[in-house]
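Student: My questions all concern the structure below.
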Amino acid sequence: MQTWRFLNDGAHDGATNMAIDEAMLLGVNQGTTPPTIRVYAWEPPTVSIGYSQALDSELDIGACMRAGAGVVRRPTGGRAVFHAGELTYSVIAPSGTSPIGTSIMEAYSAIADALLAGLRLLGVEAELASVVPAARGRDGGASPPCFVGSGRYEIVVVGRKLIGSAQRRVGRGMLQHGSLLMDSTHEQLADLMLIDSEERRGIVRRLLRSRTTDLSALLNRTVGFEEVARAVMSGFVEAWGLKLSEGELSKDEIEVAQMLATEYDTAS
């Protein structure tokens, strides 16, 4: 039976969260970080943009500042996400490690199986998404937010997105992280995007509301981070047949993350 490390890492600012994920990815590539599943939250709430997104054409920085929301660039691709009422997971391991396999799709599939198992433990029956292209941004507006469209191996309930994920590989290292929505706070992204009219802003807000769902809505009760973290942990154990050892970041990982965090603070 394989043993992986499990980190319930609590809440950090956006730069720290992304720096920790990247530090572990680099550590896996160098052979110093063990296969790890990490869950975490965001404080303050933060908008993350994809690795290749143009910040100036996506976000209203003034609106983010007024809302007290941080801004950070992810090491992975995709479009803008507002991280607030959610649990974020990351899976970091060498490519080829069972059961994530060697290909991007193998990893997406294996991780989806574990997340689906965790959701069942919470009482949520979800499924893998059929690919639904997101509506494209028209002239004078930002591209649509990440949760408007569903990609292969993302997780939906009755066609509405519950978990969105992204992946990156560095050498032999694989990082996949994603957002599991616990409440509807992510819909506030519509107020933080650089959109040229209130009519278009309303369209984005309605798309977010109609194409996403969250645990609190599905279970008709408030869902807490620790409850979801336990279910996610148990889902990986059940689906992958793992032993998970609850641990903490190593001294080397902390030092690398602290250095990377300064770059993320200025990389937006």
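Each chain in the structure tokens gets a letter, A, B, ..., in the order shown, and its residues are numbered from 1; ligands are numbered from 1 in order too.
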Please run DSSP on the backbone and report, as a tab-separated table (two decimals) with C-alpha atoms, in the first residue's frame, all residues within stretch 81-261 of chain A that come out as alpha helix (DSSP H).
Tutor:
chain	number	residue	atom	x	y	z
A	104	ILE	CA	-2.34	14.48	-18.49
A	105	MET	CA	-5.66	12.70	-19.02
A	106	GLU	CA	-4.70	9.73	-16.83
A	107	ALA	CA	-3.99	12.11	-13.96
A	108	TYR	CA	-7.23	14.06	-14.48
A	109	SER	CA	-9.22	10.82	-14.54
A	110	ALA	CA	-7.63	9.33	-11.41
A	111	ILE	CA	-7.99	12.54	-9.41
A	112	ALA	CA	-11.60	12.93	-10.54
A	113	ASP	CA	-12.35	9.42	-9.24
A	114	ALA	CA	-11.03	10.39	-5.80
A	115	LEU	CA	-12.93	13.69	-5.73
A	116	LEU	CA	-16.15	11.96	-6.75
A	117	ALA	CA	-15.65	9.46	-3.92
A	118	GLY	CA	-15.18	12.31	-1.45
A	119	LEU	CA	-18.34	14.04	-2.67
A	120	ARG	CA	-20.34	10.83	-2.22
A	121	LEU	CA	-19.21	10.74	1.41
A	122	LEU	CA	-20.72	14.23	1.78
A	198	GLU	CA	-23.46	46.75	-16.79
A	199	GLU	CA	-25.45	44.77	-19.35
A	200	ARG	CA	-22.46	42.52	-20.05
A	201	ARG	CA	-21.66	42.33	-16.35
A	202	GLY	CA	-25.19	41.09	-15.75
A	203	ILE	CA	-24.72	38.42	-18.42
A	204	VAL	CA	-21.54	37.16	-16.73
A	205	ARG	CA	-23.28	37.15	-13.34
A	206	ARG	CA	-26.18	35.12	-14.74
A	207	LEU	CA	-23.81	32.67	-16.45
A	208	LEU	CA	-21.94	32.09	-13.22
A	209	ARG	CA	-25.20	31.55	-11.35
A	210	SER	CA	-26.74	29.21	-13.93
A	211	ARG	CA	-23.69	27.12	-14.82
A	215	LEU	CA	-22.07	22.22	-1.64
A	216	SER	CA	-24.21	24.45	0.55
A	217	ALA	CA	-26.86	24.72	-2.16
A	218	LEU	CA	-26.77	20.99	-2.91
A	219	LEU	CA	-26.97	19.94	0.73
A	225	PHE	CA	-13.99	23.66	5.41
A	226	GLU	CA	-12.95	20.97	7.91
A	227	GLU	CA	-15.92	18.75	7.01
A	228	VAL	CA	-15.05	18.97	3.33
A	229	ALA	CA	-11.34	18.44	3.98
A	230	ARG	CA	-12.06	15.18	5.83
A	231	ALA	CA	-14.31	13.97	3.02
A	232	VAL	CA	-11.70	14.79	0.35
A	233	MET	CA	-9.03	12.96	2.35
A	234	SER	CA	-11.27	9.92	2.75
A	235	GLY	CA	-12.17	10.01	-0.95
A	236	PHE	CA	-8.53	9.65	-1.97
A	237	VAL	CA	-8.05	6.79	0.49
A	238	GLU	CA	-11.15	4.99	-0.81
A	239	ALA	CA	-10.58	5.53	-4.53
A	240	TRP	CA	-6.82	5.02	-4.62
A	251	LYS	CA	11.98	23.27	6.03
A	252	ASP	CA	13.25	23.26	2.42
A	253	GLU	CA	9.73	23.57	1.01
A	254	ILE	CA	8.99	26.50	3.32
A	255	GLU	CA	12.19	28.28	2.30
A	256	VAL	CA	11.53	27.81	-1.42
A	257	ALA	CA	7.89	28.90	-1.00
A	258	GLN	CA	8.97	32.05	0.83
A	259	MET	CA	11.30	32.97	-2.04
A	260	LEU	CA	8.67	32.22	-4.68
A	261	ALA	CA	6.00	34.18	-2.80
Student: Extract, using only C-alpha atoms, all DNA, RNA and protein residues at most 9 Å from A:Glu43, discarding same-chain residues fewer than 6 positions from it, and format them as a list in words.
Tutor: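 Within the cut-off, the hits are Ala11, His12, Asp13, Gly14, Ala69, Gly70 and Ala84 of chain A.
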Student: For N, CA and C atoms, I'd like the residues from the last selection saved as an mmCIF file, in the first residue's frame.
Tutor:
data_model
loop_
_atom_site.group_PDB
_atom_site.id
_atom_site.type_symbol
_atom_site.label_atom_id
_atom_site.label_comp_id
_atom_site.auth_asym_id
_atom_site.auth_seq_id
_atom_site.Cartn_x
_atom_site.Cartn_y
_atom_site.Cartn_z
ATOM 1 N N ALA A 11 -5.622 28.490 5.744
ATOM 2 C CA ALA A 11 -5.811 29.635 4.852
ATOM 3 C C ALA A 11 -4.541 30.460 4.743
ATOM 4 N N HIS A 12 -4.223 30.872 3.519
ATOM 5 C CA HIS A 12 -3.088 31.753 3.243
ATOM 6 C C HIS A 12 -3.509 32.780 2.192
ATOM 7 N N ASP A 13 -2.698 33.817 2.030
ATOM 8 C CA ASP A 13 -2.931 34.757 0.934
ATOM 9 C C ASP A 13 -2.586 34.083 -0.384
ATOM 10 N N GLY A 14 -2.994 34.712 -1.481
ATOM 11 C CA GLY A 14 -2.848 34.096 -2.793
ATOM 12 C C GLY A 14 -1.411 33.801 -3.174
ATOM 13 N N ALA A 69 -9.985 42.207 -2.125
ATOM 14 C CA ALA A 69 -9.609 40.935 -2.750
ATOM 15 C C ALA A 69 -8.186 41.003 -3.277
ATOM 16 N N GLY A 70 -7.412 39.961 -3.006
ATOM 17 C CA GLY A 70 -6.078 39.857 -3.567
ATOM 18 C C GLY A 70 -6.133 39.446 -5.033
ATOM 19 N N ALA A 84 -12.977 32.176 -2.690
ATOM 20 C CA ALA A 84 -13.515 32.670 -1.413
ATOM 21 C C ALA A 84 -14.141 31.501 -0.676
#
Student: Could you please determine the separation between atom CA of A:Arg169 and atom CA of A:Leu249 in Å, to one decimal place?
Tutor: 20.3 Å
Student: Taking the DSSP secondary structure from the backbone, can you list the residues of stretch 19-218 of chain A that are strand (DSSP E), as a PyMOL selection string?
Tutor: chain A and resi 36-42+46-49+70-73+81-83+86-94+127-128+155-157+160-170+173-181
Student: Deliver the residues from the most recent selection as a file, using N, CA and C atoms, as a compact mmCIF listing (two decimals), in the first residue's frame.
Tutor:
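Final output, out_14.txt:
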# COMPACT_ATOMS: atom_id res chain seq x y z
N THR A 36 2.08 14.19 -2.58
CA THR A 36 1.35 14.97 -1.58
C THR A 36 -0.03 15.37 -2.08
N ILE A 37 -1.00 15.31 -1.18
CA ILE A 37 -2.32 15.89 -1.41
C ILE A 37 -2.47 17.02 -0.39
N ARG A 38 -2.75 18.21 -0.88
CA ARG A 38 -2.86 19.39 -0.01
C ARG A 38 -4.24 20.00 -0.17
N VAL A 39 -4.86 20.42 0.93
CA VAL A 39 -6.10 21.19 0.86
C VAL A 39 -5.87 22.50 1.59
N TYR A 40 -6.48 23.58 1.06
CA TYR A 40 -6.24 24.90 1.64
C TYR A 40 -7.36 25.86 1.28
N ALA A 41 -7.32 27.01 1.95
CA ALA A 41 -8.28 28.09 1.72
C ALA A 41 -7.52 29.39 1.47
N TRP A 42 -8.26 30.48 1.25
CA TRP A 42 -7.67 31.75 0.83
C TRP A 42 -8.09 32.87 1.78
N THR A 46 -9.31 35.92 -2.99
CA THR A 46 -8.33 36.28 -4.03
C THR A 46 -8.84 35.89 -5.40
N VAL A 47 -8.60 36.75 -6.37
CA VAL A 47 -8.81 36.39 -7.77
C VAL A 47 -7.50 35.84 -8.31
N SER A 48 -7.55 34.64 -8.86
CA SER A 48 -6.37 34.11 -9.56
C SER A 48 -6.65 34.12 -11.06
N ILE A 49 -5.63 34.44 -11.81
CA ILE A 49 -5.74 34.41 -13.27
C ILE A 49 -4.78 33.35 -13.79
N GLY A 70 -7.41 39.96 -3.01
CA GLY A 70 -6.08 39.86 -3.57
C GLY A 70 -6.13 39.45 -5.03
N VAL A 71 -5.00 39.56 -5.70
CA VAL A 71 -4.87 39.14 -7.10
C VAL A 71 -3.56 38.38 -7.22
N VAL A 72 -3.60 37.23 -7.88
CA VAL A 72 -2.39 36.44 -8.07
C VAL A 72 -2.49 35.69 -9.39
N ARG A 73 -1.34 35.42 -9.98
CA ARG A 73 -1.29 34.61 -11.20
C ARG A 73 -0.99 33.17 -10.83
N VAL A 81 -10.59 33.07 -11.65
CA VAL A 81 -11.39 32.40 -10.61
C VAL A 81 -11.35 33.27 -9.36
N PHE A 82 -12.49 33.44 -8.70
CA PHE A 82 -12.54 34.15 -7.43
C PHE A 82 -12.58 33.11 -6.32
N HIS A 83 -11.51 33.06 -5.53
CA HIS A 83 -11.36 32.06 -4.48
C HIS A 83 -11.84 32.66 -3.16
N GLU A 86 -14.61 28.30 -0.73
CA GLU A 86 -14.24 27.06 -1.41
C GLU A 86 -13.18 26.32 -0.62
N LEU A 87 -12.99 25.06 -0.95
CA LEU A 87 -11.81 24.30 -0.60
C LEU A 87 -11.01 24.10 -1.86
N THR A 88 -9.73 24.45 -1.81
CA THR A 88 -8.85 24.20 -2.94
C THR A 88 -8.00 22.98 -2.61
N TYR A 89 -7.88 22.09 -3.59
CA TYR A 89 -7.03 20.91 -3.42
C TYR A 89 -5.84 21.02 -4.37
N SER A 90 -4.74 20.39 -4.01
CA SER A 90 -3.65 20.20 -4.97
C SER A 90 -3.09 18.80 -4.80
N VAL A 91 -2.72 18.20 -5.91
CA VAL A 91 -2.09 16.88 -5.95
C VAL A 91 -0.75 17.06 -6.64
N ILE A 92 0.33 16.69 -5.94
CA ILE A 92 1.68 16.88 -6.47
C ILE A 92 2.41 15.55 -6.35
N ALA A 93 2.93 15.05 -7.47
CA ALA A 93 3.59 13.75 -7.46
C ALA A 93 4.44 13.60 -8.72
N PRO A 94 5.39 12.67 -8.71
CA PRO A 94 6.13 12.40 -9.94
C PRO A 94 5.22 11.78 -10.99
N GLU A 127 -20.76 13.91 -11.24
CA GLU A 127 -20.27 13.14 -12.38
C GLU A 127 -19.27 13.97 -13.16
N LEU A 128 -18.57 13.30 -14.07
CA LEU A 128 -17.64 14.00 -14.94
C LEU A 128 -18.40 14.80 -15.98
N ILE A 155 -15.89 18.36 -12.71
CA ILE A 155 -16.95 17.66 -12.00
C ILE A 155 -18.19 18.54 -11.90
N VAL A 156 -19.34 17.96 -12.25
CA VAL A 156 -20.59 18.69 -12.32
C VAL A 156 -21.68 17.92 -11.59
N VAL A 157 -22.74 18.65 -11.24
CA VAL A 157 -23.97 18.06 -10.72
C VAL A 157 -25.10 18.57 -11.58
N ARG A 160 -24.10 21.36 -13.85
CA ARG A 160 -23.58 22.61 -13.28
C ARG A 160 -22.26 22.33 -12.57
N LYS A 161 -21.28 23.13 -12.86
CA LYS A 161 -19.92 22.87 -12.40
C LYS A 161 -19.77 23.06 -10.90
N LEU A 162 -19.14 22.06 -10.28
CA LEU A 162 -18.88 22.08 -8.84
C LEU A 162 -17.38 22.16 -8.55
N ILE A 163 -16.56 21.51 -9.38
CA ILE A 163 -15.10 21.52 -9.21
C ILE A 163 -14.46 21.81 -10.56
N GLY A 164 -13.60 22.83 -10.59
CA GLY A 164 -12.79 23.12 -11.76
C GLY A 164 -11.33 22.90 -11.42
N SER A 165 -10.56 22.38 -12.36
CA SER A 165 -9.17 22.00 -12.09
C SER A 165 -8.24 22.42 -13.23
N ALA A 166 -6.96 22.49 -12.92
CA ALA A 166 -5.93 22.80 -13.92
C ALA A 166 -4.66 22.05 -13.55
N GLN A 167 -3.80 21.84 -14.53
CA GLN A 167 -2.63 20.99 -14.34
C GLN A 167 -1.39 21.63 -14.95
N ARG A 168 -0.24 21.34 -14.33
CA ARG A 168 1.05 21.78 -14.87
C ARG A 168 2.09 20.71 -14.60
N ARG A 169 3.05 20.59 -15.51
CA ARG A 169 4.14 19.64 -15.34
C ARG A 169 5.48 20.35 -15.51
N VAL A 170 6.40 20.03 -14.63
CA VAL A 170 7.77 20.54 -14.70
C VAL A 170 8.69 19.33 -14.60
N GLY A 173 7.79 16.27 -12.55
CA GLY A 173 6.81 16.64 -11.55
C GLY A 173 5.46 17.00 -12.16
N MET A 174 4.37 16.59 -11.49
CA MET A 174 3.01 16.90 -11.90
C MET A 174 2.29 17.62 -10.78
N LEU A 175 1.66 18.75 -11.10
CA LEU A 175 0.80 19.48 -10.17
C LEU A 175 -0.58 19.60 -10.79
N GLN A 176 -1.59 19.18 -10.04
CA GLN A 176 -2.97 19.51 -10.41
C GLN A 176 -3.63 20.13 -9.20
N HIS A 177 -4.25 21.29 -9.41
CA HIS A 177 -5.02 21.88 -8.32
C HIS A 177 -6.36 22.36 -8.85
N GLY A 178 -7.31 22.52 -7.92
CA GLY A 178 -8.64 22.90 -8.35
C GLY A 178 -9.49 23.38 -7.20
N SER A 179 -10.61 23.99 -7.55
CA SER A 179 -11.53 24.63 -6.60
C SER A 179 -12.80 23.82 -6.45
N LEU A 180 -13.12 23.45 -5.22
CA LEU A 180 -14.38 22.81 -4.87
C LEU A 180 -15.25 23.85 -4.19
N LEU A 181 -16.33 24.25 -4.86
CA LEU A 181 -17.16 25.35 -4.38
C LEU A 181 -18.00 24.93 -3.18
